[in-house]
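Okay, structure first, notes after.
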Amino acid sequence: MFEEYFRLFKDFILDLLKVLVKSRVAVAGAVVAGLVLPVLLFSVFLDLRGVVKNPYFGFLIYMVMGPLFVAGLATVVVGLLLFRDKEEIGVYALEYIREQMAMPGRFIRVRKMIYLSSFLTFMTLLVIGVVSYTGFTYTESVRFCGQFCHTVMEPEYITYQNSAHSRVPCVDCHIGANAGGFTKSKVTGIKMIFATLFNRFDRPIATPIASLRPTREVCEQCHRPEKFHGDKLYVKDGYLPDEANTHVQTILLMRVGSGGYRGQVAQGIHWHVSANHHTYYQEDPEQPGVISQIKLVDHDGAVVIYQRGDNSKPNGTGRPGYKLMDCLDCHNRPTHVFLSPDEALDTKISTGVIPPELPFVKKLGLELVQRPYGGKDQARRQIAEGVEAWYGQNYPELKRSAPQQLNQAAAGMFQAWSENVFPEMKISWRTYGSKLGHRDNTGCFRCHTSELVSREGRTISHDCNLCHVVLADRQPSPDIMRILQGNRVAGVLSSSGGSL
Ligand code: HEC
Ligand code: HEC
Ligand code: HEC
Ligand code: HEC
Ligand code: HEC
């Protein structure tokens, strides 16, 4: 039985070859497909088992070998249909089958051949299916988005890894769940690959990219702003640029609020995203980022228009560019969080990466990380030299007694720099600013300002207690901390080994 099938298989292949050799194009296609297939199957196997981690490996399998295999098969078909000597393939096949059927005892053989060829076709489709499915998954992976175009995506990838969303795949945010978002993003993606290949992309990458801007629905798959209730305490550690690197704390009672839920009214910061009222705004076309008009549609339908300058008559309402406020108007950097030099160094000191006991280490760090460097190697070398030189001059005894700590400080400063500055992409400190607070008038104060006035003379409040209560502002050992910690013995609960 087995032998018979084997013989049939051999005959089938031989017959197939006979047909194939009538077209050189088909032979070429078959050779390519035949050579690629075993390598392809083995690579897919390795990839599915996660053996090879290199991002280019996936590219090789799904973007090069997969299409090559399919192209090989397609060439066989095209070759047989279009280039095979004079005969028409359809006629040939029919004739062949008729001939075979006419022979005595051949009927069963032909039936088996049909089974065999169906089986082979099925296997081919299966291979194509598996390769396209895994290929699709590959283009959706963090590996592809974040690492493939290494230099281009490095800043976004590194900041992403350091953020609260480091386990959320890039595509969960950047590709909407609907088909429109999907096609748009794939088109944008392909354009980006070409832009990278031909080295034609913006440095830094412009933001926002309209087609990749996450929508409110995307965030709300995981977050429900109507559920964030009440106030929340934010404690932030910092260090002064003095000899002792004095540990200070900023403590804010943040009015996180909620969008209203089960009869509760919307209040606090997330009042903006309630379903009951809508805040539209428009930017000044001449000054991007400056809001020139706000239209507030209240829960009862009442409309208030706040405007810059002459507000006797509303202008431009309903013009293109009028936008409904959403999460990203405040959380524009939920994951690609670029810190300021101050924050970056504070984080490294508070986690002990930079030893806080080195005198003036914060001050020196601020100076060294803000110097312009051409690239990573140069930065690493010159920061290390800077640390060595400064302590050599000002604290020579430290250079002798604690060389290890100096190396550690230099490495920590370099880390702070390399997580936020990317010279290849022309990203320096604060290239991408956050809209979440009011550091440089790019955040809440774009609207919460007395410059936008309604016809009735109303403005949007910028009272310091509207959004938060400032309990301490870069204060050493704030009293409030003692209360928050239940008057415990000093130092026990200090968040980062400070002098509480
Ligand atoms: C939590 C959601 C989220 C995740 C996850 C995410 N991004 Fe983003 N990304 C954003 C937002 C929001 C913006 C800014 C959009 C804006 O300003 O309109 C952005 C902007 C970008 C930009 C434009 C340049 C810039 O920095 O503004 C690139 C490129 C980018 N992301 C790549 C990636 C890559 C690669 C990954 C995965 C490694 C990723 N993103 C993961 C939300 C996300
Ligand atoms: C797939 C789920 C998912 C999506 C989509 C998502 N997030 Fe998150 N987000 C999380 C998780 C989980 C955390 C908490 C992580 C932690 O605390 O370790 C988080 C934390 C946050 C925080 C707390 C801030 C911080 O840095 O600690 C904010 C703000 C936030 N997300 C905003 C957003 C915004 C805005 C979007 C849409 C662009 C979004 N998220 C999309 C899952 C998600
Ligand atoms: C008006 C600006 C603004 C808008 C609009 C906004 N947020 Fe926030 N959100 C804040 C601020 C400010 C905080 C608190 C400060 C911080 O996280 O640093 C916050 C906190 C959060 C947190 C952390 C909450 C917690 O309890 O720890 C999440 C998650 C979040 N926002 C998600 C969202 C989502 C999702 C949307 C859109 C539906 C949204 N926010 C819209 C300003 C805003
Ligand atoms: C696009 C304009 C705009 C931006 C940006 C904006 N707001 Fe508002 N905000 C408004 C408007 C409009 C009101 C309602 C004012 C009124 O009712 O008079 C408001 C009201 C508020 C309120 C009071 C809500 C209540 O309980 O009634 C808080 C709190 C608030 N905003 C916080 C913030 C914070 C924090 C940010 C920055 C992260 C921010 N806003 C950014 C437009 C804006
Ligand atoms: C419209 C809302 C709003 C108003 C009004 C407002 N703030 Fe803030 N403020 C914020 C938000 C949001 C943050 C948090 C930013 C962040 O999470 O990084 C913040 C952060 C701060 C911080 C801490 C900065 C840091 O990260 O070290 C201080 C200090 C502060 N505000 C002081 C003030 C003072 C003083 C006023 C009155 C002039 C004021 N704020 C008015 C929204 C507001």
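Naming scheme: A, B, ... for chains in displayed order of the structure tokens; residues 1 onward per chain; ligands 1 onward as shown.
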What lies within 6 Å of Ala33 of chain A using only C-alpha atoms, ignoring chain neighbours under 4 positions off, as an MDAnalysis selection string? chainID A and resid 37 69 72
List the spatial neighbours of Glu357 of chain A as a compact mmCIF listing (two decimals) with all heavy atoms, in the first residue's frame - criterion: any atom at most 12 Å away, only C-alpha atoms, same-chain residues fewer than 4 positions off excluded.
```txt
# COMPACT_ATOMS: atom_id res chain seq x y z
N TYR A 239 16.50 66.81 44.26
CA TYR A 239 17.77 67.11 44.92
C TYR A 239 18.23 68.48 44.50
O TYR A 239 18.16 68.83 43.32
CB TYR A 239 18.82 66.03 44.58
CG TYR A 239 18.35 64.68 45.08
CD1 TYR A 239 17.50 63.90 44.29
CD2 TYR A 239 18.67 64.24 46.36
CE1 TYR A 239 17.00 62.71 44.77
CE2 TYR A 239 18.18 63.05 46.84
CZ TYR A 239 17.34 62.29 46.05
OH TYR A 239 16.82 61.12 46.53
N ASP A 242 23.29 71.68 45.53
CA ASP A 242 24.21 72.22 46.53
C ASP A 242 25.20 71.14 46.95
O ASP A 242 25.17 70.02 46.43
CB ASP A 242 23.44 72.77 47.74
CG ASP A 242 22.54 71.71 48.37
OD1 ASP A 242 22.69 70.52 48.01
OD2 ASP A 242 21.69 72.06 49.20
N GLU A 243 26.08 71.47 47.90
CA GLU A 243 27.13 70.52 48.24
C GLU A 243 26.56 69.20 48.77
O GLU A 243 27.04 68.12 48.45
CB GLU A 243 28.08 71.13 49.29
CG GLU A 243 29.18 70.15 49.66
CD GLU A 243 30.32 70.80 50.43
OE1 GLU A 243 30.13 71.92 50.93
OE2 GLU A 243 31.40 70.17 50.53
N ALA A 244 25.48 69.29 49.57
CA ALA A 244 24.92 68.08 50.18
C ALA A 244 23.90 67.40 49.28
O ALA A 244 23.34 66.37 49.65
CB ALA A 244 24.27 68.44 51.51
N ASN A 245 23.66 67.91 48.10
CA ASN A 245 22.58 67.42 47.23
C ASN A 245 21.31 67.27 48.06
O ASN A 245 20.68 66.20 48.08
CB ASN A 245 22.93 66.06 46.61
CG ASN A 245 24.30 66.06 45.99
OD1 ASN A 245 24.59 66.87 45.12
ND2 ASN A 245 25.16 65.15 46.45
N THR A 246 20.93 68.34 48.75
CA THR A 246 19.83 68.27 49.71
C THR A 246 18.58 67.64 49.10
O THR A 246 18.13 68.05 48.03
CB THR A 246 19.50 69.70 50.21
OG1 THR A 246 20.70 70.28 50.67
CG2 THR A 246 18.45 69.67 51.31
N HIS A 247 18.09 66.65 49.82
CA HIS A 247 16.89 65.95 49.37
C HIS A 247 15.65 66.81 49.64
O HIS A 247 15.44 67.25 50.77
CB HIS A 247 16.77 64.62 50.12
CG HIS A 247 15.52 63.88 49.83
ND1 HIS A 247 14.76 63.28 50.81
CD2 HIS A 247 14.88 63.63 48.67
CE1 HIS A 247 13.71 62.70 50.26
NE2 HIS A 247 13.76 62.90 48.97
N ILE A 349 19.39 59.75 41.07
CA ILE A 349 19.91 59.89 42.44
C ILE A 349 18.99 59.18 43.43
O ILE A 349 19.44 58.48 44.32
CB ILE A 349 20.08 61.39 42.81
CG1 ILE A 349 21.07 62.05 41.85
CG2 ILE A 349 20.59 61.53 44.24
CD1 ILE A 349 21.24 63.54 42.06
N SER A 350 17.68 59.34 43.22
CA SER A 350 16.76 58.76 44.21
C SER A 350 16.77 57.24 44.16
O SER A 350 16.44 56.58 45.13
CB SER A 350 15.34 59.31 44.04
OG SER A 350 14.72 58.71 42.94
N GLY A 352 19.56 55.65 43.63
CA GLY A 352 20.90 55.24 44.03
C GLY A 352 21.83 54.92 42.87
O GLY A 352 22.96 54.49 43.08
N VAL A 353 21.35 55.10 41.64
CA VAL A 353 22.23 54.83 40.49
C VAL A 353 23.39 55.82 40.51
O VAL A 353 24.54 55.47 40.25
CB VAL A 353 21.43 54.94 39.17
CG1 VAL A 353 22.33 54.76 37.97
CG2 VAL A 353 20.31 53.92 39.16
N VAL A 361 27.16 66.43 43.36
CA VAL A 361 27.01 65.54 42.22
C VAL A 361 25.84 65.98 41.33
O VAL A 361 25.89 65.88 40.11
CB VAL A 361 26.90 64.05 42.66
CG1 VAL A 361 25.53 63.71 43.21
CG2 VAL A 361 27.26 63.12 41.52
N LYS A 362 24.78 66.52 41.95
CA LYS A 362 23.64 66.98 41.15
C LYS A 362 24.04 68.17 40.27
O LYS A 362 23.72 68.22 39.08
CB LYS A 362 22.48 67.38 42.09
CG LYS A 362 21.32 68.08 41.44
CD LYS A 362 20.37 67.13 40.72
CE LYS A 362 19.28 67.84 39.96
NZ LYS A 362 18.17 68.29 40.77
N LEU A 398 38.80 62.47 47.30
CA LEU A 398 37.73 61.55 46.88
C LEU A 398 38.17 60.72 45.69
O LEU A 398 37.83 59.54 45.58
CB LEU A 398 36.50 62.36 46.47
CG LEU A 398 35.40 62.50 47.49
CD1 LEU A 398 34.24 63.29 46.90
CD2 LEU A 398 34.92 61.13 47.96
N ALA A 402 37.55 57.08 46.66
CA ALA A 402 36.29 56.49 46.17
C ALA A 402 36.20 56.51 44.64
O ALA A 402 35.24 57.03 44.08
CB ALA A 402 35.10 57.23 46.79
N GLN A 405 32.94 55.09 43.23
CA GLN A 405 31.75 55.95 43.27
C GLN A 405 31.75 56.97 42.14
O GLN A 405 30.71 57.29 41.58
CB GLN A 405 31.69 56.68 44.61
CG GLN A 405 31.11 55.83 45.71
CD GLN A 405 30.80 56.65 46.93
OE1 GLN A 405 31.45 57.67 47.16
NE2 GLN A 405 29.83 56.23 47.71
N LEU A 406 32.94 57.47 41.82
CA LEU A 406 33.02 58.45 40.73
C LEU A 406 32.63 57.79 39.41
O LEU A 406 31.88 58.35 38.61
CB LEU A 406 34.42 59.05 40.63
CG LEU A 406 34.90 59.85 41.84
CD1 LEU A 406 36.18 60.61 41.50
CD2 LEU A 406 33.84 60.83 42.33
N GLN A 408 30.69 55.27 39.10
CA GLN A 408 29.25 55.01 39.17
C GLN A 408 28.47 56.28 38.83
O GLN A 408 27.49 56.25 38.09
CB GLN A 408 28.93 54.55 40.58
CG GLN A 408 27.68 53.72 40.70
CD GLN A 408 27.37 53.46 42.16
OE1 GLN A 408 28.28 53.29 42.99
NE2 GLN A 408 26.09 53.44 42.50
N ALA A 409 28.93 57.41 39.38
CA ALA A 409 28.25 58.68 39.11
C ALA A 409 28.29 59.00 37.62
O ALA A 409 27.27 59.38 37.02
CB ALA A 409 28.91 59.80 39.91
N GLY A 497 15.63 57.60 51.37
CA GLY A 497 16.79 57.74 52.23
C GLY A 497 17.15 59.17 52.54
O GLY A 497 18.29 59.47 52.85
N GLY A 498 16.21 60.09 52.45
CA GLY A 498 16.50 61.50 52.72
C GLY A 498 16.54 61.75 54.22
O GLY A 498 16.57 60.82 55.02
```
Q | Which residue of A:Gln249, A:Ser340, A:Leu60, A:Leu14 approaches Val39 of chain A most closely, using only C-alpha atoms | A |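 Among the listed residues, the smallest separation from Val39 of chain A belongs to A:Leu60.
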Select from chain A every residue with an atom at most 7 Å from any atom of ligand 4, then for each give the shortest pair of atoms and their distance in Å to one decimal, using only C-alpha atoms and all ligand atoms, rows by chain and rising number, as a Markdown table.
```
| residue | atom | partner | partner_atom_place_in_ligand_line | distance |
| --- | --- | --- | --- | --- |
| A:Arg255 | CA | ligand 4 | 29 (C) | 6.5 |
| A:Ala266 | CA | ligand 4 | 26 (O) | 6.7 |
| A:Gln267 | CA | ligand 4 | 26 (O) | 3.8 |
| A:Gly268 | CA | ligand 4 | 29 (C) | 4.1 |
| A:Ile269 | CA | ligand 4 | 29 (C) | 4.0 |
| A:Trp271 | CA | ligand 4 | 24 (C) | 5.2 |
| A:His272 | CA | ligand 4 | 9 (N) | 6.4 |
| A:Thr279 | CA | ligand 4 | 12 (C) | 5.8 |
| A:Tyr280 | CA | ligand 4 | 1 (C) | 6.7 |
| A:Tyr281 | CA | ligand 4 | 1 (C) | 5.4 |
| A:Ile294 | CA | ligand 4 | 2 (C) | 6.5 |
| A:Leu296 | CA | ligand 4 | 12 (C) | 5.6 |
| A:Met325 | CA | ligand 4 | 1 (C) | 6.0 |
| A:Asp329 | CA | ligand 4 | 5 (C) | 6.2 |
| A:Cys330 | CA | ligand 4 | 38 (C) | 4.8 |
| A:Lys435 | CA | ligand 4 | 38 (C) | 6.3 |
| A:Leu436 | CA | ligand 4 | 38 (C) | 4.2 |
| A:Gly437 | CA | ligand 4 | 38 (C) | 5.2 |
| A:Gly443 | CA | ligand 4 | 37 (C) | 5.5 |
| A:Cys444 | CA | ligand 4 | 37 (C) | 3.3 |
| A:Phe445 | CA | ligand 4 | 41 (C) | 6.7 |
| A:Arg446 | CA | ligand 4 | 5 (C) | 5.6 |
| A:Cys447 | CA | ligand 4 | 2 (C) | 4.3 |
| A:His448 | CA | ligand 4 | 7 (N) | 6.0 |
| A:Thr459 | CA | ligand 4 | 18 (O) | 6.6 |
| A:Ile460 | CA | ligand 4 | 15 (C) | 4.8 |
| A:Ser461 | CA | ligand 4 | 15 (C) | 6.7 |
| A:Leu466 | CA | ligand 4 | 29 (C) | 5.1 |
| A:Cys467 | CA | ligand 4 | 29 (C) | 4.4 |
```
**Request:** Enumerate residues in contact with ligand 2: an atom-to-atom distance of at most 8 Å, counting only C-alpha atoms and all ligand atoms. Format the result as a ChimeraX atom specification.
**Result:** /A:163-165,167-169,172-173,214-223,327-328,331-335
Now that the selection is made, can you save its residues with C-alpha atoms as a short mmCIF file (atom, residue, chain, number, x, y, z; two decimals), in the first residue's frame?
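File written: part_3.cif
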```cif
data_model
loop_
_atom_site.label_atom_id
_atom_site.label_comp_id
_atom_site.auth_asym_id
_atom_site.auth_seq_id
_atom_site.Cartn_x
_atom_site.Cartn_y
_atom_site.Cartn_z
CA SER A 163 7.17 54.02 30.97
CA ALA A 164 4.09 52.63 32.67
CA HIS A 165 2.97 51.26 29.29
CA ARG A 167 3.84 46.05 28.35
CA VAL A 168 1.29 47.58 26.00
CA PRO A 169 2.22 46.69 22.39
CA ASP A 172 -2.53 48.74 20.77
CA CYS A 173 -2.13 52.50 20.96
CA PRO A 214 -4.20 57.26 19.47
CA THR A 215 -7.87 58.03 19.92
CA ARG A 216 -9.76 58.38 23.14
CA GLU A 217 -11.39 54.98 22.51
CA VAL A 218 -7.95 53.39 22.45
CA CYS A 219 -7.10 54.63 25.96
CA GLU A 220 -10.54 53.75 27.25
CA GLN A 221 -10.06 50.10 26.41
CA CYS A 222 -8.00 49.98 29.58
CA HIS A 223 -8.81 53.19 31.49
CA CYS A 327 -7.09 62.45 26.60
CA LEU A 328 -4.13 63.36 24.40
CA HIS A 331 -1.62 63.05 28.20
CA ASN A 332 0.36 63.65 25.01
CA ARG A 333 3.31 61.73 26.44
CA PRO A 334 1.74 58.79 28.24
CA THR A 335 4.55 56.51 27.17
#
```
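With atom CA of Gly412 of chain A on one side and atom CA of Asp346 of chain A on the other, the separation reads 10.7 Å.
Checking A:Asp237, A:Thr442, A:Glu226, A:Lys295 one by one against Gly263 of chain A, counting only C-alpha atoms, you find the shortest gap at A:Glu226.
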Give me every alpha helix (DSSP H) residue in segment 272-445 of chain A, going by DSSP on the backbone, as a PyMOL selection string. chain A and resi 341-350+361-369+376-394+396-401+403-418
Using only C-alpha atoms, which residues sit within 8 Å of segment 3-13 of chain A once same-chain residues fewer than 3 positions away are excluded, as a PDB file with N, CA and C atoms, in the first residue's frame?
```
ATOM      1  N   LEU A  16       4.759  15.993 -13.233  1.00  0.00           N
ATOM      2  CA  LEU A  16       4.757  17.433 -12.985  1.00  0.00           C
ATOM      3  C   LEU A  16       6.013  18.053 -13.590  1.00  0.00           C
ATOM      4  N   LEU A  17       7.131  17.352 -13.373  1.00  0.00           N
ATOM      5  CA  LEU A  17       8.395  17.866 -13.907  1.00  0.00           C
ATOM      6  C   LEU A  17       8.335  17.928 -15.431  1.00  0.00           C
ATOM      7  N   ARG A 109      -5.932   4.986 -10.539  1.00  0.00           N
ATOM      8  CA  ARG A 109      -4.677   5.713 -10.403  1.00  0.00           C
ATOM      9  C   ARG A 109      -4.908   7.215 -10.492  1.00  0.00           C
ATOM     10  N   LYS A 112      -6.355   8.561  -7.391  1.00  0.00           N
ATOM     11  CA  LYS A 112      -5.348   8.734  -6.337  1.00  0.00           C
ATOM     12  C   LYS A 112      -4.482   9.970  -6.611  1.00  0.00           C
ATOM     13  N   MET A 113      -4.197  10.161  -7.923  1.00  0.00           N
ATOM     14  CA  MET A 113      -3.407  11.347  -8.279  1.00  0.00           C
ATOM     15  C   MET A 113      -4.133  12.620  -7.859  1.00  0.00           C
ATOM     16  N   LEU A 116      -3.682  13.065  -4.300  1.00  0.00           N
ATOM     17  CA  LEU A 116      -2.321  13.515  -3.993  1.00  0.00           C
ATOM     18  C   LEU A 116      -2.131  14.996  -4.305  1.00  0.00           C
TER      19      LEU A 116
END
```
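One finds atom CA of Asn441 of chain A at 24.9 Å from atom CA of Arg371 of chain A.
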Q) What is the distance, in Å and to one decimal place, between atom CA of Gln393 of chain A and atom CA of Arg380 of chain A? A)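 These two atoms are separated by 20.2 Å.
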Given only C-alpha atoms and all ligand atoms as the counted atoms, nearest of A:Gln382, A:Ser477, A:Gln404, A:Ser434 to ligand 3: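 Once distances to ligand 3 are computed over only C-alpha atoms and all ligand atoms, the minimum belongs to A:Ser434.
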#### Entry: Among the residues A:Val421, A:Leu233, A:Val36, A:Leu324, the one that comes closest to ligand 5 [using only C-alpha atoms and all ligand atoms]
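Closest to ligand 5 of all the choices is A:Leu233.
Distances from A:Arg213, A:Tyr261, A:Ser418, A:Lys323 to Ile175 of chain A were compared using only C-alpha atoms, and the smallest one belongs to A:Arg213.
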